[in-house]
>>> print(open('my_file_9.cif').read())   # mmCIF, C-alpha atoms and all ligand atoms
data_coords
#
loop_
_atom_site.group_PDB
_atom_site.id
_atom_site.type_symbol
_atom_site.label_atom_id
_atom_site.label_comp_id
_atom_site.auth_asym_id
_atom_site.auth_seq_id
_atom_site.Cartn_x
_atom_site.Cartn_y
_atom_site.Cartn_z
ATOM 1 C CA MET A 27 109.591 123.900 100.419
ATOM 2 C CA GLY A 28 113.114 125.309 100.463
ATOM 3 C CA LEU A 29 115.945 123.355 98.852
ATOM 4 C CA LYS A 30 118.752 124.387 101.214
ATOM 5 C CA LEU A 31 120.232 121.751 103.510
ATOM 6 C CA ASP A 32 120.978 122.748 107.093
ATOM 7 C CA ILE A 33 124.632 121.905 107.900
ATOM 8 C CA ARG A 34 124.067 122.625 111.604
ATOM 9 C CA LEU A 35 122.160 119.337 111.877
ATOM 10 C CA ALA A 36 125.507 117.544 111.421
ATOM 11 C CA ASN A 37 127.036 119.184 114.513
ATOM 12 C CA GLY A 38 128.612 116.583 116.757
ATOM 13 C CA TYR A 39 128.838 113.950 114.011
ATOM 14 C CA LYS A 40 132.228 112.996 112.598
ATOM 15 C CA SER A 41 131.740 110.334 109.952
ATOM 16 C CA PRO A 42 130.827 111.752 106.518
ATOM 17 C CA SER A 43 128.050 109.196 106.005
ATOM 18 C CA GLN A 44 126.452 110.005 109.370
ATOM 19 C CA ARG A 45 126.700 113.733 108.686
ATOM 20 C CA ALA A 46 125.098 113.286 105.267
ATOM 21 C CA ARG A 47 122.338 111.192 106.759
ATOM 22 C CA ARG A 48 121.553 113.732 109.476
ATOM 23 C CA ILE A 49 121.394 116.618 107.027
ATOM 24 C CA THR A 50 119.307 114.897 104.339
ATOM 25 C CA GLU A 51 116.916 113.254 106.809
ATOM 26 C CA GLY A 52 116.540 116.606 108.559
ATOM 27 C CA TRP A 53 115.570 118.278 105.301
ATOM 28 C CA PHE A 54 113.095 115.541 104.508
ATOM 29 C CA ALA A 55 111.483 115.615 107.972
ATOM 30 C CA GLU A 56 111.058 119.370 107.590
ATOM 31 C CA ASN A 57 109.618 119.356 104.064
ATOM 32 C CA ALA A 58 107.887 116.012 103.541
ATOM 33 C CA TYR A 59 104.144 115.489 103.373
ATOM 34 C CA CYS A 60 102.178 112.326 102.729
ATOM 35 C CA PRO A 61 101.395 111.841 99.026
ATOM 36 C CA ALA A 62 98.881 109.095 99.870
ATOM 37 C CA CYS A 63 96.586 111.125 102.175
ATOM 38 C CA PRO A 64 96.029 114.766 103.246
ATOM 39 C CA SER A 65 98.568 114.526 106.122
ATOM 40 C CA ASN A 66 101.141 117.321 105.935
ATOM 41 C CA LYS A 67 103.901 115.511 107.762
ATOM 42 C CA LEU A 68 105.844 112.272 107.922
ATOM 43 C CA VAL A 69 107.677 111.192 111.065
ATOM 44 C CA PRO A 70 111.000 109.334 111.412
ATOM 45 C CA THR A 71 110.852 105.731 112.496
ATOM 46 C CA ARG A 72 113.359 103.163 113.671
ATOM 47 C CA ASP A 73 113.069 99.980 111.709
ATOM 48 C CA ASN A 74 115.673 97.363 112.580
ATOM 49 C CA THR A 75 115.887 96.064 109.002
ATOM 50 C CA ARG A 76 116.391 99.640 107.752
ATOM 51 C CA VAL A 77 113.628 99.136 105.202
ATOM 52 C CA VAL A 78 111.548 102.028 106.558
ATOM 53 C CA ASP A 79 112.778 105.513 107.568
ATOM 54 C CA PHE A 80 109.576 107.577 107.772
ATOM 55 C CA ILE A 81 105.910 106.856 108.410
ATOM 56 C CA CYS A 82 102.708 108.832 107.902
ATOM 57 C CA PRO A 83 101.078 109.330 111.325
ATOM 58 C CA SER A 84 97.671 109.382 109.665
ATOM 59 C CA CYS A 85 97.459 106.600 107.018
ATOM 60 C CA LYS A 86 100.581 104.686 108.187
ATOM 61 C CA ALA A 87 102.174 104.731 104.719
ATOM 62 C CA GLU A 88 105.865 103.811 105.031
ATOM 63 C CA PHE A 89 108.753 105.530 103.254
ATOM 64 C CA GLN A 90 112.401 104.788 102.658
ATOM 65 C CA LEU A 91 114.704 107.718 101.927
ATOM 66 C CA LYS A 92 117.840 107.203 99.833
ATOM 67 C CA ALA A 93 119.979 110.300 99.481
ATOM 68 C CA LYS A 94 123.009 110.517 97.187
ATOM 69 C CA SER A 95 125.500 113.244 96.425
ATOM 70 C CA THR A 96 125.803 111.914 92.844
ATOM 71 C CA PRO A 97 123.069 111.960 90.151
ATOM 72 C CA LEU A 98 120.462 109.213 90.497
ATOM 73 C CA GLY A 99 121.182 107.159 87.351
ATOM 74 C CA LYS A 100 119.369 103.998 86.242
ATOM 75 C CA LYS A 101 119.876 101.896 89.343
ATOM 76 C CA ILE A 102 120.186 102.789 92.995
ATOM 77 C CA ARG A 103 121.965 100.757 95.629
ATOM 78 C CA ASP A 104 119.568 99.802 98.384
ATOM 79 C CA ALA A 105 119.873 97.952 101.697
ATOM 80 C CA ALA A 106 119.789 94.164 102.292
ATOM 81 C CA TYR A 107 118.120 92.045 99.605
ATOM 82 C CA GLN A 108 116.212 89.532 101.763
ATOM 83 C CA PRO A 109 114.020 91.827 103.916
ATOM 84 C CA MET A 110 113.285 93.922 100.828
ATOM 85 C CA ILE A 111 112.195 91.073 98.540
ATOM 86 C CA GLU A 112 110.118 89.538 101.344
ATOM 87 C CA ARG A 113 108.217 92.774 101.679
ATOM 88 C CA VAL A 114 107.721 93.098 97.919
ATOM 89 C CA LEU A 115 106.360 89.535 97.698
ATOM 90 C CA ALA A 116 104.003 90.265 100.590
ATOM 91 C CA ASN A 117 102.792 93.492 98.893
ATOM 92 C CA ARG A 118 104.370 95.530 101.686
ATOM 93 C CA SER A 119 107.112 97.413 99.859
ATOM 94 C CA PRO A 120 107.806 100.821 101.376
ATOM 95 C CA HIS A 121 107.430 103.857 99.153
ATOM 96 C CA PHE A 122 110.769 105.246 97.975
ATOM 97 C CA VAL A 123 112.128 108.749 98.042
ATOM 98 C CA PHE A 124 115.341 109.079 96.024
ATOM 99 C CA MET A 125 117.205 112.306 96.564
ATOM 100 C CA HIS A 126 120.198 113.817 94.820
ATOM 101 C CA TYR A 127 121.865 116.680 96.677
ATOM 102 C CA ASP A 128 124.844 118.891 95.983
ATOM 103 C CA ARG A 129 127.364 118.359 98.750
ATOM 104 C CA ASN A 130 129.182 121.660 98.162
ATOM 105 C CA ALA A 131 126.245 123.958 97.536
ATOM 106 C CA LEU A 132 124.280 122.133 100.289
ATOM 107 C CA GLU A 133 121.186 122.045 98.134
ATOM 108 C CA VAL A 134 118.674 119.432 97.067
ATOM 109 C CA ARG A 135 118.848 118.937 93.291
ATOM 110 C CA LYS A 136 116.340 116.211 92.608
ATOM 111 C CA VAL A 137 113.689 114.251 94.487
ATOM 112 C CA LEU A 138 112.060 111.255 92.885
ATOM 113 C CA LEU A 139 109.101 109.570 94.517
ATOM 114 C CA VAL A 140 108.384 105.926 93.651
ATOM 115 C CA PRO A 141 105.196 104.499 95.180
ATOM 116 C CA GLY A 142 105.751 101.044 96.703
ATOM 117 C CA HIS A 143 102.989 99.559 94.524
ATOM 118 C CA PHE A 144 105.275 100.096 91.514
ATOM 119 C CA ILE A 145 107.985 97.969 93.119
ATOM 120 C CA THR A 146 107.752 94.439 91.703
ATOM 121 C CA PRO A 147 110.293 91.597 91.964
ATOM 122 C CA SER A 148 111.685 92.529 88.515
ATOM 123 C CA VAL A 149 112.635 95.968 89.883
ATOM 124 C CA ILE A 150 114.771 94.493 92.708
ATOM 125 C CA GLU A 151 118.178 93.274 91.559
ATOM 126 C CA LYS A 152 120.058 90.940 93.875
ATOM 127 C CA CYS A 153 123.724 91.941 94.231
ATOM 128 C CA LYS A 154 126.618 89.488 94.462
ATOM 129 C CA PRO A 155 127.463 88.488 98.050
ATOM 130 C CA LEU A 156 130.383 90.388 99.569
ATOM 131 C CA SER A 157 133.743 88.666 99.150
ATOM 132 C CA ALA A 158 134.665 85.968 101.669
ATOM 133 C CA SER A 159 137.276 88.217 103.273
ATOM 134 C CA ALA A 160 134.787 90.993 104.004
ATOM 135 C CA ARG A 161 133.625 91.373 107.582
ATOM 136 C CA ARG A 162 129.975 90.710 106.728
ATOM 137 C CA HIS A 163 130.692 88.140 104.029
ATOM 138 C CA ASP A 164 127.227 86.588 104.002
ATOM 139 C CA TRP A 165 125.526 89.925 103.491
ATOM 140 C CA VAL A 166 123.688 90.425 100.173
ATOM 141 C CA GLY A 167 122.481 93.836 99.074
ATOM 142 C CA CYS A 168 120.133 94.855 96.290
ATOM 143 C CA ASN A 169 119.652 97.522 93.647
ATOM 144 C CA ILE A 170 116.430 99.258 92.669
ATOM 145 C CA LEU A 171 116.242 99.337 88.858
ATOM 146 C CA LEU A 172 114.640 102.670 88.073
ATOM 147 C CA ASP A 173 114.497 102.014 84.326
ATOM 148 C CA LYS A 174 112.272 98.957 84.897
ATOM 149 C CA ILE A 175 109.615 101.160 86.496
ATOM 150 C CA PRO A 176 107.102 102.807 84.114
ATOM 151 C CA PRO A 177 107.394 106.620 84.114
ATOM 152 C CA ASP A 178 103.981 106.727 85.833
ATOM 153 C CA GLY A 179 105.710 105.353 88.935
ATOM 154 C CA ARG A 180 108.605 107.822 88.953
ATOM 155 C CA LEU A 181 107.251 111.119 90.191
ATOM 156 C CA THR A 182 109.803 113.906 89.896
ATOM 157 C CA VAL A 183 108.846 116.099 92.837
ATOM 158 C CA VAL A 184 111.935 118.335 92.732
ATOM 159 C CA SER A 185 114.139 118.982 89.681
ATOM 160 C CA HIS A 186 115.851 121.858 87.880
ATOM 161 C CA GLU A 187 112.430 122.614 86.433
ATOM 162 C CA GLY A 188 111.073 123.394 89.887
ATOM 163 C CA ILE A 189 108.927 121.819 92.578
ATOM 164 C CA LEU A 190 105.754 119.926 91.729
ATOM 165 C CA PRO A 191 102.706 121.246 93.633
ATOM 166 C CA GLN A 192 101.418 118.927 96.402
ATOM 167 C CA GLN A 193 98.004 118.665 94.815
ATOM 168 C CA GLN A 194 99.491 117.373 91.567
ATOM 169 C CA VAL A 195 101.697 114.832 93.373
ATOM 170 C CA ARG A 196 98.682 113.491 95.284
ATOM 171 C CA GLN A 197 96.645 113.295 92.065
ATOM 172 C CA MET A 198 99.382 111.367 90.250
ATOM 173 C CA TRP A 199 99.714 109.074 93.271
ATOM 174 C CA LYS A 200 95.993 108.381 93.425
ATOM 175 C CA ARG A 201 95.790 107.419 89.766
ATOM 176 C CA PHE A 202 97.672 104.169 90.437
ATOM 177 C CA SER A 203 96.967 103.582 94.143
ATOM 178 C CA TRP A 204 94.641 100.650 93.210
ATOM 179 C CA LEU A 205 97.833 98.753 92.295
ATOM 180 C CA GLY A 206 98.524 98.311 96.015
ATOM 181 C CA LYS A 207 95.715 95.758 96.177
ATOM 182 C CA VAL A 208 96.890 93.738 93.166
ATOM 183 C CA LEU A 209 98.995 90.656 93.988
ATOM 184 C CA PRO A 210 102.713 90.896 93.121
ATOM 185 C CA GLU A 211 102.587 88.379 90.241
ATOM 186 C CA SER A 212 99.735 90.259 88.516
ATOM 187 C CA ARG A 213 101.294 93.625 89.321
ATOM 188 C CA GLY A 214 104.503 92.475 87.659
ATOM 189 C CA TRP A 215 102.703 91.714 84.410
ATOM 190 C CA LEU A 216 100.709 94.930 84.492
ATOM 191 C CA MET A 217 103.813 97.037 85.067
ATOM 192 C CA ASP A 218 105.803 95.235 82.382
ATOM 193 C CA VAL A 219 103.079 95.792 79.765
ATOM 194 C CA LEU A 220 102.561 99.400 80.878
ATOM 195 C CA LEU A 221 106.295 99.976 80.475
ATOM 196 C CA CYS A 222 106.055 98.582 76.892
ATOM 197 C CA ILE A 223 103.193 100.991 76.137
ATOM 198 C CA ARG A 224 105.209 103.921 77.469
ATOM 199 C CA ARG A 225 108.204 102.799 75.413
ATOM 200 C CA ILE A 226 106.083 102.771 72.240
ATOM 201 C CA GLY A 227 105.905 106.463 73.031
ATOM 202 C CA LYS A 228 102.746 107.288 71.052
ATOM 203 C CA GLY A 229 99.311 108.249 72.322
ATOM 204 C CA GLU A 230 97.691 105.887 69.832
ATOM 205 C CA PHE A 231 99.073 102.390 69.326
ATOM 206 C CA THR A 232 98.068 98.987 68.021
ATOM 207 C CA LEU A 233 98.068 95.477 69.404
ATOM 208 C CA SER A 234 100.897 94.572 67.039
ATOM 209 C CA ASP A 235 102.977 97.445 68.487
ATOM 210 C CA VAL A 236 102.725 95.723 71.880
ATOM 211 C CA TYR A 237 103.292 92.247 70.412
ATOM 212 C CA LYS A 238 106.738 93.471 69.295
ATOM 213 C CA PHE A 239 107.775 93.106 72.951
ATOM 214 C CA GLU A 240 106.723 89.434 72.986
ATOM 215 C CA ASN A 241 110.291 88.077 73.073
ATOM 216 C CA GLU A 242 111.415 90.496 75.734
ATOM 217 C CA LEU A 243 108.395 89.675 77.907
ATOM 218 C CA SER A 244 108.890 85.929 77.469
ATOM 219 C CA LEU A 245 112.461 86.282 78.763
ATOM 220 C CA MET A 246 111.120 88.097 81.816
ATOM 221 C CA HIS A 247 108.377 85.506 82.363
ATOM 222 C CA PRO A 248 109.946 82.198 81.249
ATOM 223 C CA ASN A 249 107.180 80.070 82.787
ATOM 224 C CA ASN A 250 104.451 81.616 80.719
ATOM 225 C CA ARG A 251 103.776 80.054 77.331
ATOM 226 C CA ASN A 252 101.002 82.277 76.109
ATOM 227 C CA ILE A 253 102.544 85.726 76.180
ATOM 228 C CA ARG A 254 100.094 87.238 73.673
ATOM 229 C CA ALA A 255 97.072 86.225 75.771
ATOM 230 C CA LYS A 256 98.783 87.721 78.833
ATOM 231 C CA ILE A 257 99.392 90.971 76.930
ATOM 232 C CA ARG A 258 95.717 91.209 75.920
ATOM 233 C CA GLN A 259 94.647 90.523 79.510
ATOM 234 C CA GLN A 260 96.829 93.403 80.800
ATOM 235 C CA LEU A 261 95.434 95.753 78.152
ATOM 236 C CA GLN A 262 91.910 94.940 79.370
ATOM 237 C CA LEU A 263 92.913 95.599 82.984
ATOM 238 C CA LEU A 264 94.553 98.899 82.036
ATOM 239 C CA ARG A 265 91.375 99.835 80.154
ATOM 240 C CA ASP A 266 89.195 98.943 83.189
ATOM 241 C CA LYS A 267 91.365 101.232 85.339
ATOM 242 C CA GLY A 268 91.082 104.130 82.878
ATOM 243 C CA ILE A 269 94.753 104.147 81.843
ATOM 244 C CA ILE A 270 94.050 103.339 78.149
ATOM 245 C CA ARG A 271 90.965 103.294 75.908
ATOM 246 C CA PHE A 272 90.037 100.731 73.269
ATOM 247 C CA LEU A 273 89.343 102.265 69.866
ATOM 248 C CA GLY A 274 88.359 98.944 68.233
ATOM 249 C CA ARG A 275 90.094 96.670 65.692
ATOM 250 C CA GLY A 276 93.231 96.298 67.796
ATOM 251 C CA ARG A 277 93.765 100.022 68.221
ATOM 252 C CA TYR A 278 94.255 101.757 71.566
ATOM 253 C CA ILE A 279 94.862 105.206 72.956
ATOM 254 C CA THR A 280 96.472 106.273 76.240
ATOM 255 C CA VAL A 281 94.318 108.445 78.493
HETATM 256 ZN ZN ZN B 301 99.246 109.409 104.807
#
>>> encode(input="my_file_9.cif", output="structure tokens")
Amino acid sequence: MGLKLDIRLANGYKSPSQRARRITEGWFAENAYCPACPSNKLVPTRDNTRVVDFICPSCKAEFQLKAKSTPLGKKIRDAAYQPMIERVLANRSPHFVFMHYDRNALEVRKVLLVPGHFITPSVIEKCKPLSASARRHDWVGCNILLDKIPPDGRLTVVSHEGILPQQQVRQMWKRFSWLGKVLPESRGWLMDVLLCIRRIGKGEFTLSDVYKFENELSLMHPNNRNIRAKIRQQLQLLRDKGIIRFLGRGRYITV
């Protein structure tokens, strides 16, 4: 995988956004492989809602590529809100590839892979509608909130530290692929509690460490009255999936 972008792909295109799209999509088509199966290529697709840009010819996994010439930050502007949230609620979110490239050096700086099963409704932020004077004034976009996704769902494939080997990316992907079969409501809870565990930032933690997030979780899930029971339920699920281990007497360890 080389990190150089090929400027020749932009030949014949005038608008800067079209040129950028040609160059970054060209790089991705050349270098991408499927993280969900052994397929070593992904092919471009034409999706009229612009939710999907690439598809795996083998397992049919769908990918959306967002390339930016500025660093990725905590939230990333995505396409229209409605088709995106409908897909998330139907457990059909595409997988995301977020790319930061250097426009002058024509080089890829960072590639972040976010599996679609980590995308829950709390990760999609609805933007304000465009002003009434705008041409498409009823259009509503959305943001992807990267900091609401547990680090397990943000795979840094390319960074200044180098390029992650394919085998490792596929292993990390596989560890949470079971999430794809969990309904969005349950996935939301699981991800929120996993994010709390990662924020505790210790290998070993206690139930009361997680209970400290009770208020925050109740704001995120206002219809739920028994937050502590929900927390314990998620810890059991995470244990069953081999993400944490119970040590007894309200003590846990991450695996
Ligand atoms: Zn595949």
>>> closest_residue(input="my_file_9.cif", among="A:Val123, A:Ala116, A:Leu98, A:Met217", to="Phe144 in chain A", atoms="all atoms listed in the file")
A:Met217
>>> resolve_selection(input="my_file_9.cif", expression="the PyMOL selection byres (((chain A and resi 52-55) around 9) and not hetatm)", output="PyMOL selection string")
chain A and resi 28-32+35+47-51+56-59+67-70+80+91+134
>>> write_last_selection(input="my_file_9.cif", atoms="C-alpha atoms", output="compact mmCIF listing (two decimals), in the frame of the given file")
# COMPACT_ATOMS: atom_id res chain seq x y z
CA GLY A 28 113.11 125.31 100.46
CA LEU A 29 115.94 123.36 98.85
CA LYS A 30 118.75 124.39 101.21
CA LEU A 31 120.23 121.75 103.51
CA ASP A 32 120.98 122.75 107.09
CA LEU A 35 122.16 119.34 111.88
CA ARG A 47 122.34 111.19 106.76
CA ARG A 48 121.55 113.73 109.48
CA ILE A 49 121.39 116.62 107.03
CA THR A 50 119.31 114.90 104.34
CA GLU A 51 116.92 113.25 106.81
CA GLU A 56 111.06 119.37 107.59
CA ASN A 57 109.62 119.36 104.06
CA ALA A 58 107.89 116.01 103.54
CA TYR A 59 104.14 115.49 103.37
CA LYS A 67 103.90 115.51 107.76
CA LEU A 68 105.84 112.27 107.92
CA VAL A 69 107.68 111.19 111.06
CA PRO A 70 111.00 109.33 111.41
CA PHE A 80 109.58 107.58 107.77
CA LEU A 91 114.70 107.72 101.93
CA VAL A 134 118.67 119.43 97.07
>>> resolve_selection(input="my_file_9.cif", expression="the PyMOL selection byres (((not hetatm)) within 12 of (chain B and resi 301))", output="count of residues only")
26
>>> atom_distance(input="my_file_9.cif", atom1="CA of Asp104 in chain A", atom2="CA of Arg34 in chain A")
26.8 Å
>>> resolve_selection(input="my_file_9.cif", expression="the PyMOL selection byres (((chain A and resi 154) around 9) and not hetatm)", output="list in words")
Lys152, Cys153, Pro155, Leu156, Ser157, Val166, Gly167 and Cys168 of chain A
>>> write_last_selection(input="my_file_9.cif", atoms="C-alpha atoms", output="PDB file, in the coordinates of the input")
ATOM      1  CA  LYS A 152     120.058  90.940  93.875  1.00  0.00           C
ATOM      2  CA  CYS A 153     123.724  91.941  94.231  1.00  0.00           C
ATOM      3  CA  PRO A 155     127.463  88.488  98.050  1.00  0.00           C
ATOM      4  CA  LEU A 156     130.383  90.388  99.569  1.00  0.00           C
ATOM      5  CA  SER A 157     133.743  88.666  99.150  1.00  0.00           C
ATOM      6  CA  VAL A 166     123.688  90.425 100.173  1.00  0.00           C
ATOM      7  CA  GLY A 167     122.481  93.836  99.074  1.00  0.00           C
ATOM      8  CA  CYS A 168     120.133  94.855  96.290  1.00  0.00           C
TER       9      CYS A 168
END
>>> closest_residue(input="my_file_9.cif", among="A:Ala93, A:Val140, A:Ile33, A:Leu209", to="Ile175 in chain A", atoms="all atoms listed in the file")
A:Val140
>>> atom_distance(input="my_file_9.cif", atom1="CA of Lys228 in chain A", atom2="CA of Met198 in chain A")
19.9 Å
>>> closest_residue(input="my_file_9.cif", among="A:Asn117, A:Leu190, A:Trp165, A:Gly179", to="Lys136 in chain A", atoms="only C-alpha atoms")
A:Leu190
